[in-house]
Every structure is written in C-alpha cells, then in structure tokens.
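Asks: What follows is model.cif; its format and atoms are mmCIF, C-alpha atoms.
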```cif
data_upload
loop_
_atom_site.label_atom_id
_atom_site.label_comp_id
_atom_site.auth_asym_id
_atom_site.auth_seq_id
_atom_site.Cartn_x
_atom_site.Cartn_y
_atom_site.Cartn_z
CA MET A 703 156.00 175.47 134.15
CA ASN A 704 157.24 171.99 134.90
CA SER A 705 153.70 170.76 135.43
CA LEU A 706 152.69 172.23 132.09
CA PHE A 707 155.42 170.23 130.37
CA SER A 708 154.47 166.94 131.96
CA GLN A 709 150.74 167.43 131.42
CA GLU A 710 148.87 164.62 129.69
CA VAL A 711 146.16 165.22 127.10
CA PRO A 712 142.82 163.41 127.56
CA ILE A 713 141.69 161.28 124.61
CA SER A 714 138.38 163.14 124.71
CA TRP A 715 140.15 166.33 123.55
CA TYR A 716 141.31 164.56 120.40
CA LEU A 717 137.78 163.25 119.85
CA LEU A 718 136.31 166.72 120.34
CA LEU A 719 138.81 168.18 117.86
CA SER A 720 137.78 165.48 115.42
CA ALA A 721 134.08 166.27 115.91
CA VAL A 722 134.67 170.00 115.40
CA LEU A 723 136.72 169.38 112.24
CA PHE A 724 133.97 167.11 110.92
CA SER A 725 131.33 169.78 111.60
CA LEU A 726 133.48 172.40 109.85
CA GLY A 727 133.64 170.02 106.89
CA VAL A 728 129.85 169.70 106.83
CA VAL A 729 129.44 173.49 107.09
CA GLY A 730 131.92 173.90 104.21
CA PHE A 731 129.94 171.37 102.19
CA LEU A 732 126.81 173.46 102.76
CA ILE A 733 128.15 177.00 102.26
CA LYS A 734 130.84 176.64 99.60
CA ARG A 735 129.65 177.42 96.09
CA ASN A 736 132.62 176.08 94.15
CA LEU A 737 132.63 172.42 93.12
CA ILE A 738 136.32 171.94 93.97
CA THR A 739 136.00 173.52 97.44
CA VAL A 740 132.94 171.37 98.16
CA PHE A 741 135.11 168.36 97.33
CA MET A 742 137.85 169.69 99.66
CA SER A 743 135.29 169.83 102.49
CA ILE A 744 134.62 166.12 101.94
CA GLU A 745 138.36 165.44 102.30
CA LEU A 746 138.32 167.45 105.53
CA MET A 747 135.52 165.24 106.89
CA LEU A 748 137.48 162.08 105.98
CA ASN A 749 140.54 163.45 107.81
CA ALA A 750 138.48 164.26 110.91
CA VAL A 751 137.20 160.69 111.06
CA ASN A 752 140.76 159.37 110.67
CA LEU A 753 141.82 161.38 113.73
CA SER A 754 139.19 159.76 115.93
CA PHE A 755 140.13 156.30 114.62
CA ILE A 756 143.75 156.91 115.62
CA ALA A 757 142.74 158.33 119.01
CA PHE A 758 140.71 155.19 119.75
CA ALA A 759 143.53 152.98 118.47
CA HIS A 760 145.84 154.72 120.95
CA GLN A 761 143.33 154.30 123.76
CA TRP A 762 142.86 150.53 123.34
CA HIS A 763 146.19 149.67 121.66
CA ALA A 764 144.16 148.36 118.72
CA VAL A 765 146.18 147.71 115.57
CA LYS A 766 143.11 147.48 113.36
CA GLY A 767 142.12 151.03 114.27
CA GLN A 768 145.24 152.23 112.49
CA ILE A 769 144.82 149.80 109.60
CA ILE A 770 141.35 151.08 108.84
CA VAL A 771 142.85 154.58 108.59
CA LEU A 772 145.23 153.21 105.99
CA PHE A 773 142.27 151.81 104.05
CA VAL A 774 140.42 155.14 104.35
CA MET A 775 143.49 156.86 102.87
CA MET A 776 143.55 154.37 99.97
CA VAL A 777 139.86 154.87 99.24
CA ALA A 778 140.29 158.66 99.56
CA ALA A 779 143.08 158.61 96.99
CA ALA A 780 140.93 156.64 94.54
CA GLU A 781 137.97 158.89 95.30
CA ALA A 782 140.00 162.04 94.68
CA ALA A 783 141.17 160.76 91.29
CA VAL A 784 137.66 159.82 90.13
CA GLY A 785 136.02 162.90 91.68
CA LEU A 786 138.41 165.33 90.06
CA ALA A 787 137.94 163.55 86.73
CA ILE A 788 134.18 164.03 87.14
CA ILE A 789 134.78 167.72 87.94
CA ILE A 790 136.84 168.09 84.75
CA ALA A 791 134.10 166.38 82.74
CA VAL A 792 131.41 168.62 84.30
CA PHE A 793 133.49 171.72 83.57
CA ARG A 794 133.92 170.63 79.96
CA ALA A 795 130.17 170.12 79.56
CA ARG A 796 128.87 173.17 81.45
CA ALA A 797 131.87 175.57 81.42
CA THR A 798 131.29 176.49 85.06
CA LEU A 799 132.28 175.28 88.52
CA ALA A 800 129.50 177.07 90.45
CA VAL A 801 127.25 174.47 92.05
CA ASP A 802 124.21 176.73 91.62
CA ARG A 803 124.52 176.48 87.83
CA ILE A 804 124.98 172.70 87.77
CA ASP A 805 121.32 171.93 88.32
CA LEU A 806 120.38 169.61 85.48
CA MET A 807 119.04 166.95 87.85
CA LYS A 808 117.13 169.40 90.02
CA LEU A 809 113.36 169.13 90.08
CA MET B 1368 155.24 168.95 126.22
CA HIS B 1369 152.36 166.85 124.92
CA LEU B 1370 149.80 169.45 125.97
CA ILE B 1371 151.72 172.32 124.37
CA LEU B 1372 152.17 170.45 121.09
CA PHE B 1373 148.52 169.37 121.10
CA ILE B 1374 147.23 172.91 121.68
CA LEU B 1375 149.58 174.35 119.05
CA PHE B 1376 148.73 171.90 116.29
CA ALA B 1377 145.04 171.59 117.16
CA GLY B 1378 144.97 175.38 116.82
CA PHE B 1379 146.67 175.14 113.41
CA CYS B 1380 144.11 172.50 112.42
CA LEU B 1381 141.12 174.60 113.40
CA ALA B 1382 142.60 177.78 111.92
CA GLY B 1383 143.24 175.99 108.62
CA ALA B 1384 139.74 174.52 108.53
CA ILE B 1385 138.09 177.88 109.29
CA ASN B 1386 140.31 179.59 106.72
CA LEU B 1387 139.20 176.97 104.18
CA LEU B 1388 135.62 178.07 104.75
CA LEU B 1389 136.32 181.81 104.69
CA GLN B 1390 138.55 182.08 101.63
CA ALA B 1391 136.82 182.82 98.36
CA HIS B 1392 139.60 181.61 96.09
CA PRO B 1393 139.93 177.81 95.68
CA ILE B 1394 143.75 177.86 95.65
CA THR B 1395 143.84 179.52 99.10
CA SER B 1396 141.36 176.96 100.37
CA ALA B 1397 143.59 174.18 99.01
CA LEU B 1398 146.65 175.58 100.80
CA SER B 1399 144.67 175.87 104.07
CA LEU B 1400 143.72 172.23 103.67
CA VAL B 1401 147.43 171.37 103.36
CA VAL B 1402 147.99 173.13 106.72
CA VAL B 1403 145.17 171.06 108.27
CA MET B 1404 146.60 167.80 106.92
CA VAL B 1405 150.18 168.45 108.04
CA SER B 1406 148.98 169.47 111.53
CA LEU B 1407 146.92 166.27 111.67
CA ALA B 1408 150.08 164.33 110.80
CA VAL B 1409 151.79 165.86 113.86
CA LEU B 1410 148.79 164.86 116.01
CA TYR B 1411 149.09 161.29 114.65
CA LEU B 1412 152.75 161.34 115.75
CA LEU B 1413 151.68 162.43 119.24
CA LEU B 1414 149.26 159.49 119.33
CA GLY B 1415 152.03 157.05 118.41
CA ALA B 1416 151.05 156.38 114.80
CA GLU B 1417 154.35 157.09 113.05
CA PHE B 1418 153.61 155.20 109.85
CA LEU B 1419 150.24 156.88 109.39
CA ALA B 1420 151.80 160.29 110.02
CA ALA B 1421 154.24 159.64 107.19
CA ALA B 1422 151.45 158.28 104.99
CA GLN B 1423 149.31 161.32 105.79
CA VAL B 1424 152.04 163.69 104.61
CA ILE B 1425 152.86 161.64 101.50
CA VAL B 1426 149.36 160.64 100.38
CA TYR B 1427 147.16 163.50 101.58
CA ALA B 1428 149.36 166.58 101.81
CA GLY B 1429 151.46 165.36 98.90
CA ALA B 1430 149.56 163.43 96.26
CA ILE B 1431 145.91 164.37 96.80
CA MET B 1432 146.51 168.08 97.35
CA VAL B 1433 148.81 168.28 94.33
CA LEU B 1434 145.94 166.78 92.34
CA PHE B 1435 143.58 169.40 93.78
CA THR B 1436 145.84 172.38 93.02
CA PHE B 1437 146.51 170.93 89.57
CA VAL B 1438 142.77 170.80 88.81
CA VAL B 1439 142.20 174.29 90.27
CA MET B 1440 144.87 175.70 87.97
CA LEU B 1441 143.87 173.57 84.96
CA LEU B 1442 140.26 174.75 85.12
CA ASN B 1443 141.38 178.30 85.96
CA ALA B 1444 138.93 178.45 88.87
CA GLY B 1445 138.47 182.03 89.97
CA ARG B 1446 136.79 183.55 92.99
CA GLU B 1447 133.50 181.95 93.85
CA GLU B 1448 130.44 184.13 93.92
CA ARG B 1449 128.74 183.93 97.29
CA THR B 1450 125.12 182.96 97.28
CA MET B 1451 123.29 181.68 100.28
CA GLY B 1452 122.67 178.31 98.65
CA SER B 1453 119.39 176.51 98.85
CA ASN B 1454 116.73 177.17 101.44
CA VAL B 1455 116.77 173.54 102.54
CA ALA B 1456 120.48 173.77 103.35
CA ARG B 1457 119.90 176.87 105.46
CA ALA B 1458 116.76 175.66 107.23
CA LEU B 1459 117.76 172.05 107.88
CA GLY B 1460 121.52 171.85 107.35
CA PHE B 1461 122.88 174.25 109.95
CA PRO B 1462 120.57 173.18 112.83
CA ALA B 1463 121.42 169.58 111.95
CA VAL B 1464 125.16 170.33 112.10
CA VAL B 1465 124.79 172.02 115.49
CA ALA B 1466 122.63 169.15 116.79
CA VAL B 1467 125.08 166.47 115.60
CA LEU B 1468 128.04 168.34 117.11
CA ALA B 1469 126.18 168.81 120.41
CA VAL B 1470 125.23 165.12 120.58
CA ILE B 1471 128.78 163.94 119.79
CA ALA B 1472 130.31 166.35 122.32
CA THR B 1473 127.86 165.26 125.02
CA VAL B 1474 128.61 161.59 124.39
CA ILE B 1475 132.38 162.17 124.39
CA LEU B 1476 132.39 164.32 127.53
CA SER B 1477 130.07 162.05 129.50
CA SER B 1478 131.79 158.75 128.65
CA LYS B 1479 133.75 157.26 131.51
CA GLY B 1480 136.07 154.82 129.76
CA LEU B 1481 138.29 157.31 127.97
CA GLY B 1482 141.78 157.67 129.38
CA VAL B 1483 144.63 160.02 128.66
CA ALA B 1484 146.97 159.98 125.69
CA THR B 1485 150.50 159.22 126.81
CA LEU B 1486 153.38 160.51 124.75
CA GLY B 1487 155.62 157.76 123.40
CA GLU B 1488 153.04 155.04 123.82
CA GLY B 1489 152.27 153.25 120.60
CA LEU B 1490 150.26 150.20 119.69
CA SER B 1491 152.17 147.95 122.03
CA ASN B 1492 154.28 148.80 125.01
CA ALA B 1493 156.81 146.08 124.20
CA ALA B 1494 160.33 147.41 123.91
CA ASP B 1495 161.18 145.49 120.72
CA GLY B 1496 157.89 145.86 118.87
CA THR B 1497 157.69 148.84 116.55
CA ASN B 1498 154.57 150.45 115.20
CA ILE B 1499 155.21 149.45 111.57
CA GLU B 1500 155.96 145.86 112.59
CA ALA B 1501 152.67 145.58 114.48
CA LEU B 1502 150.76 147.13 111.56
CA SER B 1503 152.31 144.95 108.85
CA ARG B 1504 151.88 141.78 110.91
CA VAL B 1505 148.11 142.25 110.86
CA LEU B 1506 147.89 143.83 107.41
CA PHE B 1507 149.81 141.13 105.54
CA HIS B 1508 148.51 138.11 107.41
CA GLU B 1509 144.98 138.61 108.58
CA LEU B 1510 143.88 141.35 106.17
CA LEU B 1511 145.81 140.31 103.08
CA LEU B 1512 142.70 139.79 100.94
CA PRO B 1513 141.20 143.28 101.61
CA PHE B 1514 144.65 144.76 100.99
CA GLU B 1515 144.87 143.06 97.62
CA VAL B 1516 141.29 144.00 96.76
CA THR B 1517 142.26 147.67 97.10
CA SER B 1518 144.66 147.19 94.18
CA VAL B 1519 141.65 146.21 92.04
CA LEU B 1520 139.88 149.31 93.39
CA PHE B 1521 142.82 151.46 92.28
CA LEU B 1522 142.84 149.87 88.83
CA ILE B 1523 139.13 150.58 88.41
CA ALA B 1524 139.61 154.13 89.72
CA ILE B 1525 142.43 154.79 87.23
CA LEU B 1526 140.38 153.41 84.33
CA GLY B 1527 137.34 155.41 85.44
CA ALA B 1528 139.35 158.62 85.79
CA VAL B 1529 140.88 158.20 82.33
CA ALA B 1530 137.51 157.36 80.76
CA LEU B 1531 135.83 160.36 82.42
CA ALA B 1532 138.49 162.97 81.83
CA ARG B 1533 139.45 161.96 78.29
CA HIS B 1534 138.70 164.56 75.70
CA GLY B 1535 135.30 164.29 74.10
CA ASP B 1536 136.31 162.73 70.77
CA GLY B 1537 135.79 159.31 72.33
CA GLU B 1538 132.06 159.64 71.87
CA LYS B 1539 132.40 160.95 68.33
CA ALA B 1540 134.52 157.96 67.39
CA ALA B 1541 131.99 155.62 68.96
CA GLY B 1542 129.13 157.35 67.14
CA LYS B 1543 130.60 156.91 63.66
#
```
Once you've parsed the file, please lay out its structure as structure tokens.
Replies:
Amino acid sequence: MNSLFSQEVPISWYLLLSAVLFSLGVVGFLIKRNLITVFMSIELMLNAVNLSFIAFAHQWHAVKGQIIVLFVMMVAAAEAAVGLAIIIAVFRARATLAVDRIDLMKL
Amino acid sequence: MHLILFILFAGFCLAGAINLLLQAHPITSALSLVVVMVSLAVLYLLLGAEFLAAAQVIVYAGAIMVLFTFVVMLLNAGREERTMGSNVARALGFPAVVAVLAVIATVILSSKGLGVATLGEGLSNAADGTNIEALSRVLFHELLLPFEVTSVLFLIAILGAVALARHGDGEKAAGK
C-alpha cells in the first residue's frame, strides 16, 4: 500500500490519455448528428491537445508550453462565441440543428 | 498518491468523453463535457500548472460551457435522431482515427526521452519561484505583443458574434 502511494506516473500515460481523448473527439465529430454536439467534440479535441502541452511543459520545465495553453484557451473562447453565433444564425435560417439537413453547400 | 489521483481523474475524463458520445440529448453531452474539463483541471494541478487549472475551471468549465448550455436551451435542442452519417465518414473516418491513434501510441510508447511526472514539481524547482511568477515573467516581457494582439482578436470575435446573431432586421434595414 505504501508503494502504491509513492508511485510516480510516467509522462507517457498523460500523453496516451491525451491521444485517446483526441480520438474520442474525432469520433464524436464523425458520429454526432447535432450541430451543437459536433461543436462540443471540437472543444474536447482542443482540451486533449492542451493536456499534452502541459505534460511536455512539466517534462522539460518549459514555461512557453504552459503559455501556449493559455493562448489556446483564449482562441477557444473567441471561437466558441463566434461558432455559437453561427449556430444561432443557421438555426434561424433553416429551423433545424441536424447536420444532415444543413446541406446547402453539398454537391 | 499521484498514481491514485491520476487513475481516478483520468477515468472520470474518459467516462465523461464516452458519455458525451453516447448521450442523445445535447444538454447531457454538455454536462459530461463539464466533467471532462474539471477532471482535466485536476490533472493540470498534478502536473504543476496551478494557474492553468484555475483558468481551465473559470474559462472552460465556467464561461464556455455556460455559453453552450445557454445556446442548447435557447434553441430548444431536443434529442438528435441517429443516422449513420455519410459513407465517406464511415469508410475513411473511422479507419483514419484508429490509424492516427495507433501511430501516436506507438510513438509515445517507443520514445526514450520521456520521464516521470513528479508531484509538486512545477516549472522551476526554485524554492522562491512560483508558477504564476514564471508564467507572467515570460508572458508580459517576451510575449507581450502576441498577448495584446489577442485583445484585438477578442474585439473582432465580439463584433462578429453580434453581427451574426443579431436578429434579421439588419438586412431589411440595409435593403431599404
């Protein structure tokens, strides 16, 4: 029990968790049929990338690894505001959130 | 202690992400995403990024997810109907996801330079240097210009959001 408490975690476990979360985000982007949930999957992918940035920053004591996460958060906040405004505009024009029915630009 | 906390919150993360995919109702997906983001904040704390853990809770779990739930409720988004999507997504998307995950996992597991994460070790091991001090020293000296440019980005994003989401009588007024 004492050895379990003093156990260290390899950085590669954090990176693997990040890769799995990113893949789950991509899968969500592919299978979800609601515009808002598709957008949530994109946020999940951004968060997964942030985790690997912070894991690498911990590994090499790199300050800029954490600063770039701060910038990603800023861009994500701006992106969420604009993206949700676009979703509201699309809903007003088409009266649906199902991505299968928003196919005006499809060949 | 580190291992137990990592396994616990990595499990919460994965459970939240999988629940996001399985739930049919957008509001349940949004709440699962909040679970993922708060668990990620705990993992940031374990990696010695206190400021980013706080920012994660405030910006992501707070502001962005409130915006998401607000839009879900404003648009009265109901259950999504499940279709299998496009054929291209099925034929190319899922094998591509598996391939990318396999490549990343192989690279991570075969790399030699990765060490272990030590609890309580931040950006610097100096006794007097805190995490926020180290961050702000770089952010406000070396990267001051990119930091200020993001304020312009926010201004443009606010203007764009207002212009996009404003009610449609803007075009009518312009047409007259």
Asks: What separation in Å, quoted to one decimal, exists between atom CA of B:Val1465 and atom CA of B:Leu1388?
Replies: 16.4 Å
Asks: For the structure shown, which residues end up in the PyMOL selection byres ((chain A) within 6 of (chain B))? Put them as a ChimeraX atom specification, please?
Replies: /A:707,709,711-713,730,736,763,780,784,787,791
Asks: I'd like the box whose edges run along x, y and z of the file and which contains every listed atom of stretch 1399-1414 of chain B, padded by 6 Å per side; could you state its centre and edge lengths in Å, one decimal, as JSON?
Replies:
```
{"center_x": 148.2, "center_y": 167.7, "center_z": 111.3, "size_x": 21.0, "size_y": 28.4, "size_z": 28.0}
```
Asks: Please compute the atom CA of B:Val1402-atom CA of B:Ile1499 distance, one decimal, in Å.
Replies: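 So the answer is 25.2 Å.
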Asks: Could you tell me which residues the PyMOL selection byres ((chain A and resi 774) around 12) grabs in this file, written as a ChimeraX atom specification?
Replies: /A:745,747-753,755-756,767-773,775-782 /B:1419,1422-1423,1426-1427,1514,1517
Asks: Report, in Å with one decimal, the straight-line distance from atom CA of A:Thr798 to atom CA of A:Gly727.
Replies: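 Interatomic distance here is 22.9 Å.
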Asks: Might you spell out which residues the PyMOL selection byres ((chain A and resi 737) around 10) would select in the displayed file, as a PyMOL selection string?
Replies: (chain A and resi 731+734-736+738-742+786+789+792-793+798-802+804) or (chain B and resi 1393+1444+1447)
Asks: Okay, now the selection with C-alpha atoms, as a compact mmCIF listing (two decimals), in the frame of the given file?
Replies:
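Writing done, so here's result_18.txt:
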```
# COMPACT_ATOMS: atom_id res chain seq x y z
CA PHE A 731 129.94 171.37 102.19
CA LYS A 734 130.84 176.64 99.60
CA ARG A 735 129.65 177.42 96.09
CA ASN A 736 132.62 176.08 94.15
CA ILE A 738 136.32 171.94 93.97
CA THR A 739 136.00 173.52 97.44
CA VAL A 740 132.94 171.37 98.16
CA PHE A 741 135.11 168.36 97.33
CA MET A 742 137.85 169.69 99.66
CA LEU A 786 138.41 165.33 90.06
CA ILE A 789 134.78 167.72 87.94
CA VAL A 792 131.41 168.62 84.30
CA PHE A 793 133.49 171.72 83.57
CA THR A 798 131.29 176.49 85.06
CA LEU A 799 132.28 175.28 88.52
CA ALA A 800 129.50 177.07 90.45
CA VAL A 801 127.25 174.47 92.05
CA ASP A 802 124.21 176.73 91.62
CA ILE A 804 124.98 172.70 87.77
CA PRO B 1393 139.93 177.81 95.68
CA ALA B 1444 138.93 178.45 88.87
CA GLU B 1447 133.50 181.95 93.85
```
Asks: Compare B:Leu1375, B:Val1424, B:Val1401, B:Ala1466 by their minimum atom-to-atom distance to A:Leu746, counting all atoms listed in the file, and give me the closest one.
Replies: B:Val1401
